[in-house]
Each structure stands twice: as structure tokens, then as C-alpha cells.
There are 2 protein chains.
Amino acid sequence: MPDETNPTSAAAIPTTAPVAAAARPPKLETLLTAAATTFATRGYSGTSMRDIAHDSGISLSGIYYYTRGKSSLLYEIQSRTIDALIASAAQALSRVTAPTEQLLQFVENHVSYSNDHPAFVRVLSHETAPDGSDERREAVGLKRHEYVKVLRDILDRVRAEYPAPVSTQFAGDMLFAMMSGPRQWGVTDTELNVGIASRLIYDLFVHGFTGGAKAAPAP
Amino acid sequence: MPDETNPTSAAAIPTTAPVAAAARPPKLETLLTAAATTFATRGYSGTSMRDIAHDSGISLSGIYYYTRGKSSLLYEIQSRTIDALIASAAQALSRVTAPTEQLLQFVENHVSYSNDHPAFVRVLSHETAPDGSDERREAVGLKRHEYVKVLRDILDRVRAEYPAPVSTQFAGDMLFAMMSGPRQWGVTDTELNVGIASRLIYDLFVHGFTGGAKAAPAP
DNA sequence: AGCTTTTTAGAACAAGCGTTCGACGGTTTG
DNA sequence: CAAACCGTCGAACGCTTGTTCTAAAAAGCT
């Protein structure tokens with residue numbers, strides 16, 4: 001009986017495994033992916049366990065063998081996603097040292113991860129469990145804050161080199177808004193290359209729409 | 001029997017209305033406000049008609065006297081909001097002529113309206129009816145596009161005066177993302193003055209985080 | 001006063017919800 | 001071979017959902 005909070009699944013080591021063992025992902029993975037996709041499109045409350053069962057190919061009651069329930073599914077998705085995001089960012093940042101270069105790395109990492117796992121990131125940033133009353137919500141919130149803090153520290157270091165018209169906190173939130181967008185309003189073409197998109201966001205955020213030209217309207 | 005699609009409610013003109021007639025808003029208004037607030041906090045699917053009944057003080061069945069059903073409630077909220085947003089923006093823009101000044105006016109108008117009616121704007125930008133299959137969804141989408149177009153035209157005019165590193169469409173979406181944020185990530189203090197907040201967004205968007213300084217990391 | 005129209009609300013409806021239960025076949029263990 | 005366990009699923013449970021029905025109270029009119 002596997003538990004969803006199992007750290008690293010002490011599965012039996014296949015010493016002499018069958019040769020043609022297809023390397024298909026374990027069912028928990030399939031389940032979480034299907035759930036994330038459905039949550040992302042229909043919303044948490046708009047998704048029924050029967051929807052997830054249908055989309056994942058697992059029977060309704062079978063889901064409860066792998067997870068404790070609907071809210072646990074959401075928690076697991078959000079928890080894994082923010083963990084992966086933090087780890088991925090840390091690795092990306094270790095490659096450069098200059099503040100502006102680290103900023104670009106952070107943006108590229110976030111955009112890239114969002115592009116690879118759009119459903120998971122969307123569920124992380126847009127959904128919240130109405131029922132899942134626990135310290136779980138706070139646990140996710142805490143890690144999210146940790147991730148935000150990483151960005152803010154970078155911005156502080158950038159600010160030390162160049163003048164900034166707004167606070168670090170405010171600028172950080174705005175940058176997150178840009179990176180998390182756009183599934184709203186005009187909906188910019190999502191198929192532009194990750195590197196290019198990251199660069200566009202970076203340039204717009206750092207230099208502004210007028211590209212650093214001296215121009216301000218009278219208040 | 002009032003109809004929700006009634007254009008301007010041909011109510012009887014109170015020629016000699018009772019003197020102490022309390023000027024409390026008509027019930028439809030109360031209903032829509034309560035529904036918008038609940039939709040904004042619990043989400044469309046997470047909100048039950050009984051929730052709305054409770055929050056509005058109107059009985060469950062009484063709601064169906066004023067509206068056709070749940071999805072109609074959402075449509076009415078979104079439709080009224082985008083209409084008001086367009087009208088409000090048009091009026092604000094008529095006050096100035098210079099492109100950058102119009103841009104600031106647009107931002108101020110949007111932020112101000114979002115501050116006055118946060119629930120309505122949130123429902124407009126974040127919620128969508130899963131069931132409300134109709135030309136209604138497209139009707140709202142069309143008007144939304146109209147509103148987006150206003151911003152893009154302004155940006156085009158700004159671009160004619162100053163060089164811009166990104167496309168008008170992309171920049172417009174990013175600006176909307178900034179203005180619609182932040183109910184995510186770090187959650188910037190929402191209680192800062194509307195005028196100041198608008199100015200911060202404007203400055204960050206136009207001049208960038210480095211305030212127009214010459215600085216770019218090596219790619 | 002009566003009569004008609006507008007507005008309210010309790011009760012009930014079928015459908016869908018999250019979750020649990022008990023049993024099934026298949027593999028591993030003794 | 002029997003026993004224990006693992007993974008899986010159909011069926012059912014109690015409860016909530018959006019919506020409708022019916023009737024009674026409130027308001028307007030003559």
C-alpha cells in the first residue's frame with residue numbers, strides 16, 4: 001500500500017528485471033499529470049474525481065489507492081512543482097555571478113519550466129484548495145515565499161548597481177505577473193521560442209518599453 | 001416580471017414618490033454585487049447558488065426571479081464590467097492627446113476601476129463559464145478584444161515617438177498582466193494610493209527597472 | 001373594499017459530487 | 001498447493017448541486 005507522502009518509494013530493486021520491461025511512468029506520475037492538466041483547464045472546483053479518472057485512465061476508486069483524496073492531489077501537485085521550481089532555479093543561478101545575468105537566468109528558468117510543465121505551474125499559481133484545511137496550504141505558501149525571496153535578492157543586487165524607480169518587492173511582483181501571464185487579455189503567442197520569450201520579458205522589464213529613452217509626460 | 005436583458009429597465013417614473021423612500025439599490029444590483037464578490041473569492045465553480053442566496057440576502061428561489069440562472073449571472077457581471085471599463089477608458093482618454101499621457105491615463109483608469117470594483121474586474125479576467133455555452137462567451141470576448149485594442153493603439157502611437165524593443169501586442173499583454181496582478185506570488189500591498197500605484201506601473205513599464213540606464217548582460 | 005400584478009420563499013426534483021466497501025484475478029511467499 | 005498480499009474496479013452511500021413548482025404575502029390600482 002503506497003503512501004502519497006512516500007519520500008523516495010523504496011521499490012524493490014530490479015536486479016534481474018525482465019528484459020523488455022517497458023519504461024512507462026509509474027501510475028502515481030500519470031495520475032498527477034492528468035490531475036494537473038484537468039485542474040489547469042477546468043479549475044479545481046470545476047474538476048470532478050470522475051473527470052480525473054477518465055483523463056488518467058484509472059478507475060474512480062483506483063485513484064484512492066494512490067492518493068488520500070482530491071485536496072491531497074492538489075497539494076501534491078503544488079508541492080512538487082514549487083520544489084522543482086526552487087531546485088531548478090538554484091541550479092541555473094549557480095552558473096553566473098553578475099546580478100543582471102542572474103536575473104536573466106531566473107527568468108529563463110521560470111519561463112522554460114512553465115513551458116515544459118504548463119499545467120503544473122498554472123495550478124501552482126492560480127488554484128487554491130477551499131476544503132484542504134491543513135498546514136499543507138501554509139507549507140506551500142512558505143515555499144512559494146522562499147522562491148519569491150530568491151528573485152527579490154537578485155533584484156536587490158541589481159538595484160545596488162543601477163538606480164531603480166520602484167521597490168524591489170513591487171518590481172518582483174510585476175515581473176512574476178509578466179512571467180505567469182498571459183492566459184488573459186490578448187494572449188500573446190505561446191509558441192515563440194523560450195529563449196526569445198525570456199529575453200523579451202527581461203528586456204521589457206529591465207529597460208522598459210521606450211528602451212531607455214529619456215521621455216516622461218508631465219504629471 | 002423583469003428580464004435580465006432589459007436594456008434600461010422601463011421602471012415607472014416616481015413623479016410623486018414617497019418622501020422618505022430610502023434610496024437603496026434595486027435588488028438586481030445587490031444580487032450582482034453579491035454574486036461577483038462570491039465568484040471572486042470562491043471561484044465560479046466553487047460558488048453555489050445557495051452561497052449567493054446567503055450572501056445577497058435573497059432566497060434561493062428568489063434569485064431565479066431576477067436572473068435566468070448561474071451562467072447568466074456570470075455573463076451579466078462580465079458584460080457590465082467590460083462595458084463600464086471601455087466607457088470609462090474612453091472618457092479618460094479624451095482628456096489628453098500626447099501618446100505617453102494617454103498611456104498613463106489608460107493605466108490610471110484601469111487601476112482605479114479595479115480598485116473601486118475589485119470583485120467585478122477579477123471575475124471578468126479570471127473566470128469563465130464551463131456550461132454557459134452560447135454566443136455570450138464570444139460577445140464578452142469580443143468586447144474584451146475591443147478594450148485590448150484601445151491599449152494597443154496607444155502603444156503604437158508611443159512607439160512612433162520612441163524606439164521599442166518588443167512588439168506592441170506583447171507589450172500590451174505584459175502591461176495587462178501587471179495591472180491585473182497581483183493576487184499571486186508576493187502580493188504587493190494593495191492599499192497604496194491608486195494614483196501612486198498607477199504611476200509606479202507606468203514608470204516600470206515605460207522606463208524599466210534600471211530607469212533607463214545603459215546596462216545589458218552579455219547573452 | 002375588492003381584484004390583479006409583482007415579489008418572496010419553502011419544499012421538492014433529478015443529477016452529480018467525493019468517498020468507501022467488498023470482492024475480484026494475479027503474483028509472490030510459505 | 002494453500003496463504004498472503006498487491007493492484008484494481010463496480011457498485012453503492014449520503015450529501016450537495018442547479019433548477020422548478022406551488023402557493024402565499026406585499027404592493028398597486030379602481
# chains A, B, ... in the order shown; residues from 1 in each chain; ligands from 1

call {"tool": "interface_residues", "arguments": {"of": "chain D", "to": "chain B", "cutoff": "10 Å", "atoms": "only C-alpha atoms (C1' of nucleotides)", "output": "ChimeraX atom specification"}}
result
/D:16-20

call {"tool": "residues_around", "arguments": {"residues": "segment 54-56 of chain A", "least_positions_apart": "5", "cutoff": "8 Å", "atoms": "only C-alpha atoms (C1' of nucleotides)", "output": "PyMOL selection string"}}
result
chain A and resi 30-31+34-35+38

call {"tool": "atom_distance", "arguments": {"atom1": "atom CA of Arg159 of chain A", "atom2": "atom CA of Phe209 of chain B"}}
result
8.4 Å

call {"tool": "residues_around", "arguments": {"residues": "Lys143 of chain A", "least_positions_apart": "2", "cutoff": "9 Å", "atoms": "only C-alpha atoms (C1' of nucleotides)", "output": "ChimeraX atom specification"}}
result
/A:79,82-83,86,138-141,145-148

call {"tool": "write_last_selection", "arguments": {"atoms": "C-alpha atoms", "output": "compact mmCIF listing (two decimals), in the first residue's frame"}}
result
# COMPACT_ATOMS: atom_id res chain seq x y z
CA SER A 79 4.23 20.91 -3.54
CA ILE A 82 7.32 24.60 -6.23
CA ASP A 83 10.05 22.22 -5.08
CA ILE A 86 13.22 26.16 -6.47
CA GLU A 138 0.78 27.11 4.57
CA ALA A 139 3.58 24.73 3.69
CA VAL A 140 3.11 25.52 0.00
CA GLY A 141 2.80 29.21 0.78
CA HIS A 145 7.70 32.80 -0.43
CA GLU A 146 11.11 31.22 -0.49
CA TYR A 147 11.02 31.21 -4.28
CA VAL A 148 9.90 34.84 -4.36

call {"tool": "residues_around", "arguments": {"residues": "DA3 of chain D", "least_positions_apart": "4", "cutoff": "12 Å", "atoms": "only C-alpha atoms (C1' of nucleotides)", "output": "mmCIF file with N, CA and C atoms (P, O5', C5', C4', C3', O3' and C1' of nucleotides), in the first residue's frame"}}
result
data_model
loop_
_atom_site.group_PDB
_atom_site.id
_atom_site.type_symbol
_atom_site.label_atom_id
_atom_site.label_comp_id
_atom_site.auth_asym_id
_atom_site.auth_seq_id
_atom_site.Cartn_x
_atom_site.Cartn_y
_atom_site.Cartn_z
ATOM 1 P P DT C 28 6.014 -12.164 -9.367
ATOM 2 O "O5'" DT C 28 6.092 -12.455 -7.798
ATOM 3 C "C5'" DT C 28 5.988 -11.362 -6.880
ATOM 4 C "C4'" DT C 28 5.657 -11.885 -5.484
ATOM 5 C "C3'" DT C 28 6.770 -12.728 -4.824
ATOM 6 O "O3'" DT C 28 7.186 -12.073 -3.628
ATOM 7 C "C1'" DT C 28 4.622 -13.701 -4.519
ATOM 8 P P DT C 29 8.507 -12.560 -2.912
ATOM 9 O "O5'" DT C 29 7.974 -13.571 -1.795
ATOM 10 C "C5'" DT C 29 7.242 -13.066 -0.676
ATOM 11 C "C4'" DT C 29 6.524 -14.189 0.055
ATOM 12 C "C3'" DT C 29 7.444 -15.207 0.739
ATOM 13 O "O3'" DT C 29 7.304 -15.101 2.154
ATOM 14 C "C1'" DT C 29 5.586 -16.233 -0.339
ATOM 15 P P DG C 30 8.288 -15.866 3.064
ATOM 16 O "O5'" DG C 30 7.565 -17.261 3.331
ATOM 17 C "C5'" DG C 30 6.645 -17.377 4.432
ATOM 18 C "C4'" DG C 30 5.974 -18.738 4.379
ATOM 19 C "C3'" DG C 30 6.912 -19.902 4.674
ATOM 20 O "O3'" DG C 30 6.632 -20.443 5.990
ATOM 21 C "C1'" DG C 30 5.480 -20.359 2.813
#

call {"tool": "interface_residues", "arguments": {"of": "chain C", "to": "chain A", "cutoff": "12 Å", "atoms": "only C-alpha atoms (C1' of nucleotides)", "output": "PyMOL selection string"}}
result
chain C and resi 16-21

call {"tool": "select_by_dssp", "arguments": {"residues": "segment 112-217 of chain B", "states": "helix (DSSP H, G or I)", "output": "number ranges by chain"}}
result
B: 112-116, 118-126, 136-161, 168-180, 194-207

call {"tool": "write_last_selection", "arguments": {"atoms": "C-alpha atoms", "output": "CSV table (one decimal), in the first residue's frame"}}
result
chain,number,residue,atom,x,y,z
B,112,SER,CA,-8.7,53.0,-10.4
B,113,TYR,CA,-11.6,50.9,-11.7
B,114,SER,CA,-10.0,47.7,-10.4
B,115,ASN,CA,-9.6,49.4,-7.0
B,116,ASP,CA,-13.2,50.5,-6.9
B,118,PRO,CA,-12.2,44.6,-7.4
B,119,ALA,CA,-14.6,41.6,-7.4
B,120,PHE,CA,-16.1,42.6,-10.8
B,121,VAL,CA,-12.7,43.0,-12.5
B,122,ARG,CA,-11.4,39.8,-11.0
B,123,VAL,CA,-14.4,37.9,-12.3
B,124,LEU,CA,-14.0,39.5,-15.7
B,125,SER,CA,-10.4,38.5,-16.1
B,126,HIS,CA,-10.2,35.2,-14.2
B,136,ARG,CA,-22.5,35.1,-24.9
B,137,ARG,CA,-19.0,34.0,-24.2
B,138,GLU,CA,-17.9,35.3,-27.6
B,139,ALA,CA,-19.8,38.5,-27.0
B,140,VAL,CA,-17.7,39.2,-23.9
B,141,GLY,CA,-14.5,38.1,-25.7
B,142,LEU,CA,-15.2,40.5,-28.5
B,143,LYS,CA,-15.6,43.4,-26.2
B,144,ARG,CA,-12.5,42.4,-24.3
B,145,HIS,CA,-10.6,42.4,-27.6
B,146,GLU,CA,-12.0,45.9,-28.2
B,147,TYR,CA,-10.6,47.1,-24.9
B,148,VAL,CA,-7.3,45.5,-25.6
B,149,LYS,CA,-7.2,47.2,-29.0
B,150,VAL,CA,-7.5,50.6,-27.3
B,151,LEU,CA,-4.3,49.9,-25.4
B,152,ARG,CA,-2.5,48.6,-28.4
B,153,ASP,CA,-3.3,51.7,-30.5
B,154,ILE,CA,-1.9,53.9,-27.7
B,155,LEU,CA,1.2,51.8,-27.6
B,156,ASP,CA,1.6,52.1,-31.4
B,157,ARG,CA,1.5,55.8,-31.1
B,158,VAL,CA,4.0,55.7,-28.3
B,159,ARG,CA,6.2,53.5,-30.4
B,160,ALA,CA,6.1,56.0,-33.2
B,161,GLU,CA,7.9,58.5,-31.0
B,168,THR,CA,3.0,46.2,-29.4
B,169,GLN,CA,1.0,43.1,-28.8
B,170,PHE,CA,3.5,41.6,-26.5
B,171,ALA,CA,4.0,44.8,-24.5
B,172,GLY,CA,0.2,45.2,-24.2
B,173,ASP,CA,-0.2,41.8,-22.7
B,174,MET,CA,2.6,42.3,-20.3
B,175,LEU,CA,1.1,45.6,-19.2
B,176,PHE,CA,-2.3,44.0,-18.6
B,177,ALA,CA,-0.6,41.3,-16.6
B,178,MET,CA,1.0,43.9,-14.4
B,179,MET,CA,-2.3,45.8,-13.9
B,180,SER,CA,-4.3,42.7,-13.3
B,194,VAL,CA,-4.3,54.5,-6.7
B,195,GLY,CA,-2.5,57.4,-8.3
B,196,ILE,CA,0.8,56.3,-6.9
B,197,ALA,CA,0.3,52.7,-7.9
B,198,SER,CA,-0.6,53.7,-11.4
B,199,ARG,CA,2.5,55.8,-11.6
B,200,LEU,CA,4.7,53.0,-10.4
B,201,ILE,CA,3.3,50.6,-13.0
B,202,TYR,CA,3.6,53.3,-15.7
B,203,ASP,CA,7.2,54.1,-14.8
B,204,LEU,CA,8.3,50.5,-14.6
B,205,PHE,CA,6.6,49.7,-17.9
B,206,VAL,CA,7.9,52.7,-19.8
B,207,HIS,CA,11.4,53.1,-18.3

call {"tool": "closest_residue", "arguments": {"among": "A:Ser167, A:Thr97, A:Ser45, A:Thr37", "to": "chain B", "atoms": "only C-alpha atoms"}}
result
A:Ser45

call {"tool": "atom_distance", "arguments": {"atom1": "atom CA of Gly211 of chain A", "atom2": "atom CA of Pro165 of chain B"}}
result
6.1 Å

call {"tool": "closest_residue", "arguments": {"among": "B:Thr47, B:Leu28, B:Leu85, B:Phe106", "to": "chain A", "atoms": "only C-alpha atoms"}}
result
B:Thr47

call {"tool": "atom_distance", "arguments": {"atom1": "atom CA of Gly132 of chain B", "atom2": "atom CA of Ser71 of chain B"}}
result
5.2 Å

call {"tool": "closest_residue", "arguments": {"among": "D:DC1, D:DA11, D:DC6, D:DA24", "to": "DG22 of chain C", "atoms": "only C-alpha atoms (C1' of nucleotides)"}}
result
D:DA11

call {"tool": "decode", "arguments": {"residues": "segment 82-151 of chain A", "atoms": "C-alpha atoms", "output": "PDB file, in the first residue's frame"}}
result
ATOM      1  CA  ILE A  82       7.323  24.599  -6.227  1.00  0.00           C
ATOM      2  CA  ASP A  83      10.050  22.217  -5.084  1.00  0.00           C
ATOM      3  CA  ALA A  84      11.137  21.581  -8.658  1.00  0.00           C
ATOM      4  CA  LEU A  85      10.999  25.289  -9.420  1.00  0.00           C
ATOM      5  CA  ILE A  86      13.218  26.160  -6.471  1.00  0.00           C
ATOM      6  CA  ALA A  87      15.729  23.429  -7.253  1.00  0.00           C
ATOM      7  CA  SER A  88      15.827  24.291 -10.917  1.00  0.00           C
ATOM      8  CA  ALA A  89      16.338  27.965 -10.190  1.00  0.00           C
ATOM      9  CA  ALA A  90      19.155  27.257  -7.757  1.00  0.00           C
ATOM     10  CA  GLN A  91      20.988  25.222 -10.341  1.00  0.00           C
ATOM     11  CA  ALA A  92      20.505  27.846 -13.048  1.00  0.00           C
ATOM     12  CA  LEU A  93      21.715  30.646 -10.798  1.00  0.00           C
ATOM     13  CA  SER A  94      24.888  28.823  -9.890  1.00  0.00           C
ATOM     14  CA  ARG A  95      26.124  29.222 -13.433  1.00  0.00           C
ATOM     15  CA  VAL A  96      26.627  33.016 -13.373  1.00  0.00           C
ATOM     16  CA  THR A  97      27.565  35.673 -10.855  1.00  0.00           C
ATOM     17  CA  ALA A  98      26.680  39.129 -12.191  1.00  0.00           C
ATOM     18  CA  PRO A  99      23.295  40.354 -10.872  1.00  0.00           C
ATOM     19  CA  THR A 100      21.814  41.119 -14.291  1.00  0.00           C
ATOM     20  CA  GLU A 101      22.981  37.791 -15.621  1.00  0.00           C
ATOM     21  CA  GLN A 102      21.398  36.029 -12.676  1.00  0.00           C
ATOM     22  CA  LEU A 103      18.183  37.890 -13.331  1.00  0.00           C
ATOM     23  CA  LEU A 104      18.150  36.675 -16.904  1.00  0.00           C
ATOM     24  CA  GLN A 105      18.884  33.155 -15.714  1.00  0.00           C
ATOM     25  CA  PHE A 106      15.993  33.288 -13.283  1.00  0.00           C
ATOM     26  CA  VAL A 107      13.589  34.487 -15.942  1.00  0.00           C
ATOM     27  CA  GLU A 108      14.785  31.923 -18.445  1.00  0.00           C
ATOM     28  CA  ASN A 109      14.475  29.148 -15.905  1.00  0.00           C
ATOM     29  CA  HIS A 110      10.950  30.123 -14.907  1.00  0.00           C
ATOM     30  CA  VAL A 111       9.719  30.583 -18.450  1.00  0.00           C
ATOM     31  CA  SER A 112      11.367  27.375 -19.549  1.00  0.00           C
ATOM     32  CA  TYR A 113       9.857  25.346 -16.733  1.00  0.00           C
ATOM     33  CA  SER A 114       6.453  26.911 -17.373  1.00  0.00           C
ATOM     34  CA  ASN A 115       6.781  25.952 -20.988  1.00  0.00           C
ATOM     35  CA  ASP A 116       7.693  22.351 -20.174  1.00  0.00           C
ATOM     36  CA  HIS A 117       5.038  21.841 -17.494  1.00  0.00           C
ATOM     37  CA  PRO A 118       2.369  24.467 -18.159  1.00  0.00           C
ATOM     38  CA  ALA A 119      -0.412  22.676 -16.302  1.00  0.00           C
ATOM     39  CA  PHE A 120       1.608  22.247 -13.116  1.00  0.00           C
ATOM     40  CA  VAL A 121       2.746  25.864 -12.994  1.00  0.00           C
ATOM     41  CA  ARG A 122      -0.728  27.117 -13.705  1.00  0.00           C
ATOM     42  CA  VAL A 123      -2.191  25.006 -10.918  1.00  0.00           C
ATOM     43  CA  LEU A 124       0.522  26.229  -8.577  1.00  0.00           C
ATOM     44  CA  SER A 125      -0.139  29.897  -9.233  1.00  0.00           C
ATOM     45  CA  HIS A 126      -3.867  30.018  -9.852  1.00  0.00           C
ATOM     46  CA  GLU A 127      -5.543  27.295  -7.775  1.00  0.00           C
ATOM     47  CA  THR A 128      -6.160  27.002  -4.075  1.00  0.00           C
ATOM     48  CA  ALA A 129      -7.989  24.315  -2.119  1.00  0.00           C
ATOM     49  CA  PRO A 130     -11.225  25.509  -0.496  1.00  0.00           C
ATOM     50  CA  ASP A 131     -11.518  22.397   1.632  1.00  0.00           C
ATOM     51  CA  GLY A 132      -7.931  21.252   2.101  1.00  0.00           C
ATOM     52  CA  SER A 133      -7.802  22.744   5.563  1.00  0.00           C
ATOM     53  CA  ASP A 134      -4.389  21.913   6.908  1.00  0.00           C
ATOM     54  CA  GLU A 135      -0.926  23.179   7.461  1.00  0.00           C
ATOM     55  CA  ARG A 136      -0.462  21.977   3.909  1.00  0.00           C
ATOM     56  CA  ARG A 137      -1.646  25.229   2.389  1.00  0.00           C
ATOM     57  CA  GLU A 138       0.782  27.107   4.573  1.00  0.00           C
ATOM     58  CA  ALA A 139       3.580  24.729   3.691  1.00  0.00           C
ATOM     59  CA  VAL A 140       3.112  25.517   0.003  1.00  0.00           C
ATOM     60  CA  GLY A 141       2.797  29.213   0.779  1.00  0.00           C
ATOM     61  CA  LEU A 142       6.041  29.119   2.701  1.00  0.00           C
ATOM     62  CA  LYS A 143       7.972  27.544  -0.128  1.00  0.00           C
ATOM     63  CA  ARG A 144       6.428  29.962  -2.551  1.00  0.00           C
ATOM     64  CA  HIS A 145       7.696  32.800  -0.432  1.00  0.00           C
ATOM     65  CA  GLU A 146      11.106  31.217  -0.486  1.00  0.00           C
ATOM     66  CA  TYR A 147      11.019  31.207  -4.275  1.00  0.00           C
ATOM     67  CA  VAL A 148       9.895  34.836  -4.358  1.00  0.00           C
ATOM     68  CA  LYS A 149      12.709  35.697  -1.991  1.00  0.00           C
ATOM     69  CA  VAL A 150      15.260  34.367  -4.446  1.00  0.00           C
ATOM     70  CA  LEU A 151      14.042  36.804  -7.074  1.00  0.00           C
TER      71      LEU A 151
END
